[in-house]
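Scroll down for the structure; my scribbles are underneath it.
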Amino acid sequence: MAETVLRLGHVWSNSEVHAVSVQKFADDVSAATNGEVRIDIYGNSTLGSDRELLEGIKFMTNDIWVGGAGVLSTASDTARIFTIPFMIQDIDHYNAVYDGEVGQQVTDAIRNESGYEVLSYWLRGPRWLTTKKEIHKPDDLSGLKVRVPDSTVTVKSWNQLGVAATPMNFGEVFNALQQGVIDGQENPLSLIDSSQFAQVVKYLIRTEHAYEPVTVVMDAQRLQEMPENHRKAIMEAANGVAKKYAADEVNKGEQAFLTKLQNDGMILIEPDKQPFQEKVGSDFVKENFPTVSDLYTTIVGVGTPANK
């Protein structure tokens, strides 16, 4: 059988946890198909931003995109759910949602709405805010320019919290912080560390506001048209060693990353989360994103005594 080559794009540096997972995924696909399927990896925004990579799947400039799930909201209303702040409480809650029945419902809805197939949800550490000034309460955010991913939900949520939410290609963030174009950004600790943001921003705010999955995405029809053994190999690799590696590294790495960032000079601030939560809670979701309001309620309730 002729070799099938799939182009995979992501925005991370090679040292980032999920970039390493991507390599494991590619290796496992090659091994499982005896080299019949080869995945060529283009990292570090080589093929474009997350949004460009997602759209590139439709234009066949790349075949697989791996990145923060919130970007899918540009193509699917249901995908707006991924980045609503303070919805996921902790890693156990995250696993119960995305590895369970609700996660499959989300996958099916995204496929029906957009034609994209989410092969797997990989754990990513919760997102933290980093800024050039101290933040203790929502009022402290007023007027700050904070880089956020290009997602309607994320932009509206951060605007609701008081900042001037500023979408920007991730590859531009370091220079924008260094030059004072923006005042802060928000990302998991692993990415804050690998991007060396400690060099250009001082305060590390423990908001842990979103457990946004990393999604492995292909075109649903393209995947369905592949030979069954290739399709099975891709699905199993996306949900196998690569996924477990990401989870293990995130789980053991959070404290290590926090310590390292503090050693690199960042100052930790641990605000009361409740005032932030109240600004972007169920009333905010119902008013601004009514199409996912019921799903939001379902997810918040996963794992509670009434739903076990």
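Chain labels A, B, ... are given in the sequence in which chains occur in the structure tokens; within each chain residues are numbered consecutively from 1, and ligands are likewise numbered from 1 in the order shown.
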
Report as a ChimeraX atom specification all protein, DNA and RNA residues lying within 12 Å of A:Ala176, evaluated on only C-alpha atoms, omitting residues in the same chain fewer than 2 positions from it.
/A:145-147,166-174,178-185,197,200-201

What's the 12 Å shell around stretch 278-292 of chain A, counting only C-alpha atoms, without same-chain residues fewer than 4 positions away, as JSON, numbers by chain?
{"A": [73, 76, 77, 78, 79, 80, 81, 82, 83, 84, 85, 86, 87, 88, 106, 109, 137, 138, 139, 152, 153, 154, 155, 156, 157, 158, 159, 160, 161, 162, 209, 210, 272, 273, 274, 296, 297, 298, 299, 300]}

Written selection (N, CA and C atoms) as a compact mmCIF listing (two decimals), in the first residue's frame:
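Dumped to part-v4.txt:
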# COMPACT_ATOMS: atom_id res chain seq x y z
N SER A 73 -14.67 26.82 18.59
CA SER A 73 -15.89 27.62 18.69
C SER A 73 -16.08 28.53 17.48
N SER A 76 -18.21 25.81 15.60
CA SER A 76 -19.25 25.04 16.28
C SER A 76 -19.76 25.78 17.50
N ASP A 77 -21.07 25.96 17.59
CA ASP A 77 -21.65 26.60 18.77
C ASP A 77 -21.38 25.79 20.02
N THR A 78 -21.49 24.46 19.91
CA THR A 78 -21.28 23.60 21.08
C THR A 78 -19.88 23.78 21.65
N ALA A 79 -18.90 24.01 20.79
CA ALA A 79 -17.51 24.15 21.23
C ALA A 79 -17.29 25.39 22.07
N ARG A 80 -18.28 26.26 22.14
CA ARG A 80 -18.15 27.42 23.02
C ARG A 80 -18.02 26.99 24.49
N ILE A 81 -18.45 25.80 24.78
CA ILE A 81 -18.45 25.33 26.16
C ILE A 81 -17.05 25.20 26.74
N PHE A 82 -16.04 24.96 25.89
CA PHE A 82 -14.71 24.60 26.37
C PHE A 82 -14.03 25.68 27.21
N THR A 83 -14.31 26.93 26.90
CA THR A 83 -13.53 28.00 27.53
C THR A 83 -14.33 28.86 28.49
N ILE A 84 -15.53 28.42 28.84
CA ILE A 84 -16.28 29.19 29.84
C ILE A 84 -15.52 29.09 31.17
N PRO A 85 -15.15 30.22 31.74
CA PRO A 85 -14.31 30.19 32.95
C PRO A 85 -15.04 29.61 34.17
N PHE A 86 -14.26 28.96 35.01
CA PHE A 86 -14.72 28.47 36.32
C PHE A 86 -15.83 27.42 36.22
N MET A 87 -15.94 26.75 35.07
CA MET A 87 -16.94 25.69 34.89
C MET A 87 -16.42 24.36 35.42
N ILE A 88 -15.16 24.03 35.08
CA ILE A 88 -14.52 22.79 35.55
C ILE A 88 -13.82 23.08 36.87
N VAL A 106 -20.53 15.95 23.34
CA VAL A 106 -19.89 17.17 22.82
C VAL A 106 -19.21 16.86 21.48
N ALA A 109 -21.79 16.45 18.72
CA ALA A 109 -22.40 17.74 18.35
C ALA A 109 -21.44 18.56 17.49
N LYS A 137 -8.52 41.32 42.79
CA LYS A 137 -9.98 41.32 42.64
C LYS A 137 -10.32 41.77 41.22
N PRO A 138 -11.54 41.51 40.77
CA PRO A 138 -11.89 41.88 39.40
C PRO A 138 -11.63 43.33 39.06
N ASP A 139 -11.85 44.25 40.00
CA ASP A 139 -11.63 45.67 39.71
C ASP A 139 -10.19 45.96 39.31
N THR A 152 -14.72 33.64 20.75
CA THR A 152 -15.77 34.57 21.18
C THR A 152 -16.04 34.44 22.68
N VAL A 153 -16.11 33.21 23.17
CA VAL A 153 -16.40 33.00 24.59
C VAL A 153 -15.31 33.59 25.46
N THR A 154 -14.07 33.33 25.10
CA THR A 154 -12.95 33.83 25.89
C THR A 154 -12.92 35.35 25.89
N VAL A 155 -13.10 35.94 24.73
CA VAL A 155 -13.08 37.40 24.63
C VAL A 155 -14.21 38.01 25.47
N LYS A 156 -15.43 37.50 25.31
CA LYS A 156 -16.57 38.05 26.07
C LYS A 156 -16.39 37.84 27.57
N SER A 157 -15.87 36.67 27.95
CA SER A 157 -15.70 36.38 29.37
C SER A 157 -14.69 37.32 30.01
N TRP A 158 -13.56 37.54 29.34
CA TRP A 158 -12.54 38.43 29.91
C TRP A 158 -12.98 39.88 29.86
N ASN A 159 -13.72 40.25 28.83
CA ASN A 159 -14.29 41.60 28.83
C ASN A 159 -15.25 41.78 30.00
N GLN A 160 -16.03 40.73 30.29
CA GLN A 160 -16.94 40.78 31.43
C GLN A 160 -16.19 40.95 32.74
N LEU A 161 -14.98 40.39 32.80
CA LEU A 161 -14.15 40.51 34.00
C LEU A 161 -13.42 41.85 34.08
N GLY A 162 -13.52 42.66 33.01
CA GLY A 162 -13.00 44.02 33.10
C GLY A 162 -11.80 44.34 32.23
N HIS A 209 -8.68 29.40 35.98
CA HIS A 209 -10.03 29.74 35.55
C HIS A 209 -10.60 28.80 34.50
N ALA A 210 -9.77 28.07 33.78
CA ALA A 210 -10.30 27.17 32.75
C ALA A 210 -9.44 25.94 32.60
N ASP A 272 -9.00 35.49 46.04
CA ASP A 272 -10.27 34.82 46.28
C ASP A 272 -10.97 34.69 44.93
N LYS A 273 -11.28 33.45 44.52
CA LYS A 273 -11.85 33.25 43.18
C LYS A 273 -13.33 33.60 43.10
N GLN A 274 -14.01 33.62 44.22
CA GLN A 274 -15.46 33.77 44.18
C GLN A 274 -15.94 35.04 43.46
N TYR A 296 -23.86 23.63 29.87
CA TYR A 296 -23.09 24.19 30.99
C TYR A 296 -23.63 23.66 32.32
N THR A 297 -24.94 23.69 32.49
CA THR A 297 -25.56 23.19 33.72
C THR A 297 -25.27 21.71 33.92
N THR A 298 -25.33 20.95 32.83
CA THR A 298 -25.04 19.51 32.91
C THR A 298 -23.61 19.26 33.36
N ILE A 299 -22.67 20.00 32.74
CA ILE A 299 -21.25 19.80 33.06
C ILE A 299 -20.96 20.19 34.50
N VAL A 300 -21.50 21.31 34.94
CA VAL A 300 -21.28 21.74 36.32
C VAL A 300 -21.77 20.67 37.29

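Close contacts of A:Thr207, defined as residues with an atom at most 8 Å away when counting only C-alpha atoms, with chain neighbours fewer than 2 positions off set aside, comprise Arg127, Trp128, Leu129, Ile205, His209, Glu270, Pro271 and Lys273 of chain A.
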
Within 12 Å of stretch 53-56 of chain A, which residues of stretch 199-267 of chain A show up? Give each one with its shortest atom-to-atom distance in Å (one decimal) and the two atoms involved, counting only C-alpha atoms, rows by chain then rising residue number, as a tab-separated table.
residue	atom	partner	partner_atom	distance
A:Thr215	CA	A:Leu54	CA	10.8
A:Val216	CA	A:Leu54	CA	10.4
A:Val217	CA	A:Leu54	CA	8.0
A:Met218	CA	A:Leu54	CA	8.7
A:Asp219	CA	A:Leu54	CA	9.5

Residues of stretch 136-243 of chain A that approach stretch 261-269 of chain A to 8 Å or less, counting only C-alpha atoms: could you list each one with the shortest pair of atoms and its distance in Å to one decimal, rows by chain and increasing residue number, as a Markdown table?
| residue | atom | partner | partner_atom | distance |
| --- | --- | --- | --- | --- |
| A:His136 | CA | A:Ile269 | CA | 7.3 |
| A:Asp193 | CA | A:Leu261 | CA | 6.6 |
| A:Ala198 | CA | A:Met266 | CA | 5.9 |
| A:Gln199 | CA | A:Asp264 | CA | 7.9 |
| A:Val201 | CA | A:Met266 | CA | 7.5 |
| A:Lys202 | CA | A:Met266 | CA | 5.0 |
| A:Tyr203 | CA | A:Ile267 | CA | 4.9 |
| A:Leu204 | CA | A:Leu268 | CA | 4.9 |
| A:Ile205 | CA | A:Ile269 | CA | 4.9 |
| A:Arg206 | CA | A:Ile269 | CA | 6.2 |

Non-local contacts of A:Asn34 (12 Å; only C-alpha atoms; under 4 positions in same chain excluded) as a VMD selection string
chain A and resid 1 to 4 27 to 30 38 229 to 230 233

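Of the listed residues A:Ala19, A:Val241, A:Leu223, A:Val250, the one whose atoms come nearest to A:Pro188 is A:Val250, with distances taken using only C-alpha atoms.
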
Counting only C-alpha atoms, which residue out of A:Ser151, A:Ser114, A:Asn62, A:Gln104 sits closest to A:Gln221?
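Closest candidate: A:Ser114.
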
Return as a ChimeraX atom specification the full set of residues in stretch 59-180 of chain A whose backbone-based DSSP assignment is alpha helix (DSSP H).
/A:59,91-98,101-114,152-160,173-178

Export of prior selection with N, CA, C and O atoms as a compact mmCIF listing (two decimals), in the first residue's frame:
# COMPACT_ATOMS: atom_id res chain seq x y z
N PHE A 59 -9.11 23.32 3.97
CA PHE A 59 -8.44 23.69 2.73
C PHE A 59 -7.34 22.70 2.35
O PHE A 59 -6.69 22.85 1.31
N ILE A 91 -9.18 18.50 38.25
CA ILE A 91 -8.83 17.48 37.26
C ILE A 91 -9.80 16.30 37.31
O ILE A 91 -10.15 15.72 36.27
N ASP A 92 -10.25 15.88 38.49
CA ASP A 92 -11.20 14.78 38.58
C ASP A 92 -12.50 15.12 37.86
O ASP A 92 -13.08 14.28 37.16
N HIS A 93 -12.96 16.34 38.05
CA HIS A 93 -14.18 16.80 37.36
C HIS A 93 -13.95 16.81 35.85
O HIS A 93 -14.80 16.36 35.07
N TYR A 94 -12.79 17.31 35.43
CA TYR A 94 -12.43 17.33 34.01
C TYR A 94 -12.51 15.92 33.40
O TYR A 94 -13.12 15.72 32.34
N ASN A 95 -11.88 14.96 34.05
CA ASN A 95 -11.86 13.58 33.54
C ASN A 95 -13.27 13.00 33.45
O ASN A 95 -13.62 12.31 32.48
N ALA A 96 -14.08 13.27 34.46
CA ALA A 96 -15.45 12.75 34.48
C ALA A 96 -16.25 13.31 33.31
O ALA A 96 -17.10 12.61 32.74
N VAL A 97 -15.98 14.55 32.95
CA VAL A 97 -16.71 15.19 31.84
C VAL A 97 -16.20 14.68 30.49
O VAL A 97 -16.96 14.12 29.69
N TYR A 98 -14.91 14.85 30.22
CA TYR A 98 -14.41 14.65 28.86
C TYR A 98 -14.10 13.20 28.52
O TYR A 98 -14.04 12.85 27.32
N GLU A 101 -19.69 10.21 29.18
CA GLU A 101 -20.81 10.33 28.25
C GLU A 101 -20.99 11.76 27.74
O GLU A 101 -21.28 11.98 26.56
N VAL A 102 -20.81 12.73 28.62
CA VAL A 102 -20.99 14.12 28.21
C VAL A 102 -19.94 14.51 27.17
O VAL A 102 -20.24 15.19 26.17
N GLY A 103 -18.71 14.04 27.35
CA GLY A 103 -17.66 14.32 26.37
C GLY A 103 -18.00 13.77 25.00
O GLY A 103 -17.76 14.43 23.97
N GLN A 104 -18.57 12.56 24.95
CA GLN A 104 -18.97 11.98 23.67
C GLN A 104 -20.09 12.78 23.03
O GLN A 104 -20.13 12.98 21.81
N GLN A 105 -21.02 13.27 23.84
CA GLN A 105 -22.09 14.11 23.32
C GLN A 105 -21.53 15.39 22.69
O GLN A 105 -22.00 15.84 21.64
N VAL A 106 -20.53 15.95 23.34
CA VAL A 106 -19.89 17.17 22.82
C VAL A 106 -19.21 16.86 21.48
O VAL A 106 -19.35 17.62 20.50
N THR A 107 -18.48 15.75 21.42
CA THR A 107 -17.81 15.34 20.18
C THR A 107 -18.80 15.17 19.04
O THR A 107 -18.58 15.64 17.91
N ASP A 108 -19.91 14.47 19.32
CA ASP A 108 -20.92 14.23 18.29
C ASP A 108 -21.53 15.54 17.80
O ASP A 108 -21.75 15.73 16.59
N ALA A 109 -21.79 16.45 18.72
CA ALA A 109 -22.40 17.74 18.35
C ALA A 109 -21.44 18.56 17.49
O ALA A 109 -21.85 19.18 16.49
N ILE A 110 -20.16 18.56 17.85
CA ILE A 110 -19.17 19.31 17.06
C ILE A 110 -19.07 18.74 15.65
O ILE A 110 -19.02 19.48 14.67
N ARG A 111 -19.06 17.43 15.53
CA ARG A 111 -19.01 16.80 14.21
C ARG A 111 -20.22 17.21 13.37
O ARG A 111 -20.10 17.57 12.19
N ASN A 112 -21.39 17.16 13.96
CA ASN A 112 -22.62 17.49 13.22
C ASN A 112 -22.66 18.96 12.81
O ASN A 112 -23.17 19.30 11.74
N GLU A 113 -22.12 19.82 13.65
CA GLU A 113 -22.18 21.26 13.39
C GLU A 113 -21.09 21.76 12.46
O GLU A 113 -21.28 22.75 11.74
N SER A 114 -19.93 21.10 12.49
CA SER A 114 -18.77 21.67 11.80
C SER A 114 -18.09 20.75 10.80
O SER A 114 -17.31 21.22 9.95
N THR A 152 -14.72 33.64 20.75
CA THR A 152 -15.77 34.57 21.18
C THR A 152 -16.04 34.44 22.68
O THR A 152 -16.21 35.45 23.38
N VAL A 153 -16.11 33.21 23.17
CA VAL A 153 -16.40 33.00 24.59
C VAL A 153 -15.31 33.59 25.46
O VAL A 153 -15.58 34.28 26.44
N THR A 154 -14.07 33.33 25.10
CA THR A 154 -12.95 33.83 25.89
C THR A 154 -12.92 35.35 25.89
O THR A 154 -12.73 35.99 26.94
N VAL A 155 -13.10 35.94 24.73
CA VAL A 155 -13.08 37.40 24.63
C VAL A 155 -14.21 38.01 25.47
O VAL A 155 -13.98 38.93 26.27
N LYS A 156 -15.43 37.50 25.31
CA LYS A 156 -16.57 38.05 26.07
C LYS A 156 -16.39 37.84 27.57
O LYS A 156 -16.73 38.71 28.37
N SER A 157 -15.87 36.67 27.95
CA SER A 157 -15.70 36.38 29.37
C SER A 157 -14.69 37.32 30.01
O SER A 157 -14.92 37.86 31.10
N TRP A 158 -13.56 37.54 29.34
CA TRP A 158 -12.54 38.43 29.91
C TRP A 158 -12.98 39.88 29.86
O TRP A 158 -12.66 40.66 30.76
N ASN A 159 -13.72 40.25 28.83
CA ASN A 159 -14.29 41.60 28.83
C ASN A 159 -15.25 41.78 30.00
O ASN A 159 -15.27 42.84 30.64
N GLN A 160 -16.03 40.73 30.29
CA GLN A 160 -16.94 40.78 31.43
C GLN A 160 -16.19 40.95 32.74
O GLN A 160 -16.66 41.60 33.68
N VAL A 173 3.15 36.72 21.25
CA VAL A 173 2.85 37.17 22.61
C VAL A 173 4.08 37.63 23.37
O VAL A 173 4.05 38.66 24.05
N PHE A 174 5.17 36.89 23.29
CA PHE A 174 6.38 37.27 24.04
C PHE A 174 6.82 38.69 23.67
O PHE A 174 7.05 39.53 24.56
N ASN A 175 6.93 38.97 22.38
CA ASN A 175 7.37 40.30 21.95
C ASN A 175 6.37 41.37 22.35
O ASN A 175 6.77 42.49 22.72
N ALA A 176 5.08 41.03 22.29
CA ALA A 176 4.06 42.01 22.66
C ALA A 176 4.14 42.36 24.14
O ALA A 176 3.96 43.53 24.52
N LEU A 177 4.42 41.39 24.98
CA LEU A 177 4.62 41.66 26.41
C LEU A 177 5.90 42.47 26.62
O LEU A 177 5.92 43.43 27.39
N GLN A 178 6.94 42.09 25.93
CA GLN A 178 8.23 42.76 26.08
C GLN A 178 8.14 44.23 25.67
O GLN A 178 8.74 45.10 26.30

Write out as number ranges by chain all residues of stretch 1-99 of chain A that backbone DSSP assigns to strand (DSSP E).
A: 4-9, 37-42, 64-68

Same residues, C-alpha atoms, output as an mmCIF file, in the first residue's frame:
data_model
loop_
_atom_site.group_PDB
_atom_site.id
_atom_site.type_symbol
_atom_site.label_atom_id
_atom_site.label_comp_id
_atom_site.auth_asym_id
_atom_site.auth_seq_id
_atom_site.Cartn_x
_atom_site.Cartn_y
_atom_site.Cartn_z
ATOM 1 C CA THR A 4 -0.202 8.110 3.340
ATOM 2 C CA VAL A 5 1.348 11.336 4.630
ATOM 3 C CA LEU A 6 -0.644 13.530 7.022
ATOM 4 C CA ARG A 7 0.517 17.040 7.895
ATOM 5 C CA LEU A 8 -0.016 17.940 11.560
ATOM 6 C CA GLY A 9 0.262 21.526 12.764
ATOM 7 C CA VAL A 37 0.645 6.249 7.570
ATOM 8 C CA ARG A 38 3.263 8.908 8.287
ATOM 9 C CA ILE A 39 2.476 12.050 10.246
ATOM 10 C CA ASP A 40 4.757 14.982 9.504
ATOM 11 C CA ILE A 41 4.753 17.509 12.351
ATOM 12 C CA TYR A 42 4.939 21.272 11.846
ATOM 13 C CA ILE A 64 -4.490 17.345 11.659
ATOM 14 C CA TRP A 65 -4.531 20.160 14.163
ATOM 15 C CA VAL A 66 -3.673 19.784 17.840
ATOM 16 C CA GLY A 67 -4.475 22.742 20.063
ATOM 17 C CA GLY A 68 -6.707 24.382 22.638
#
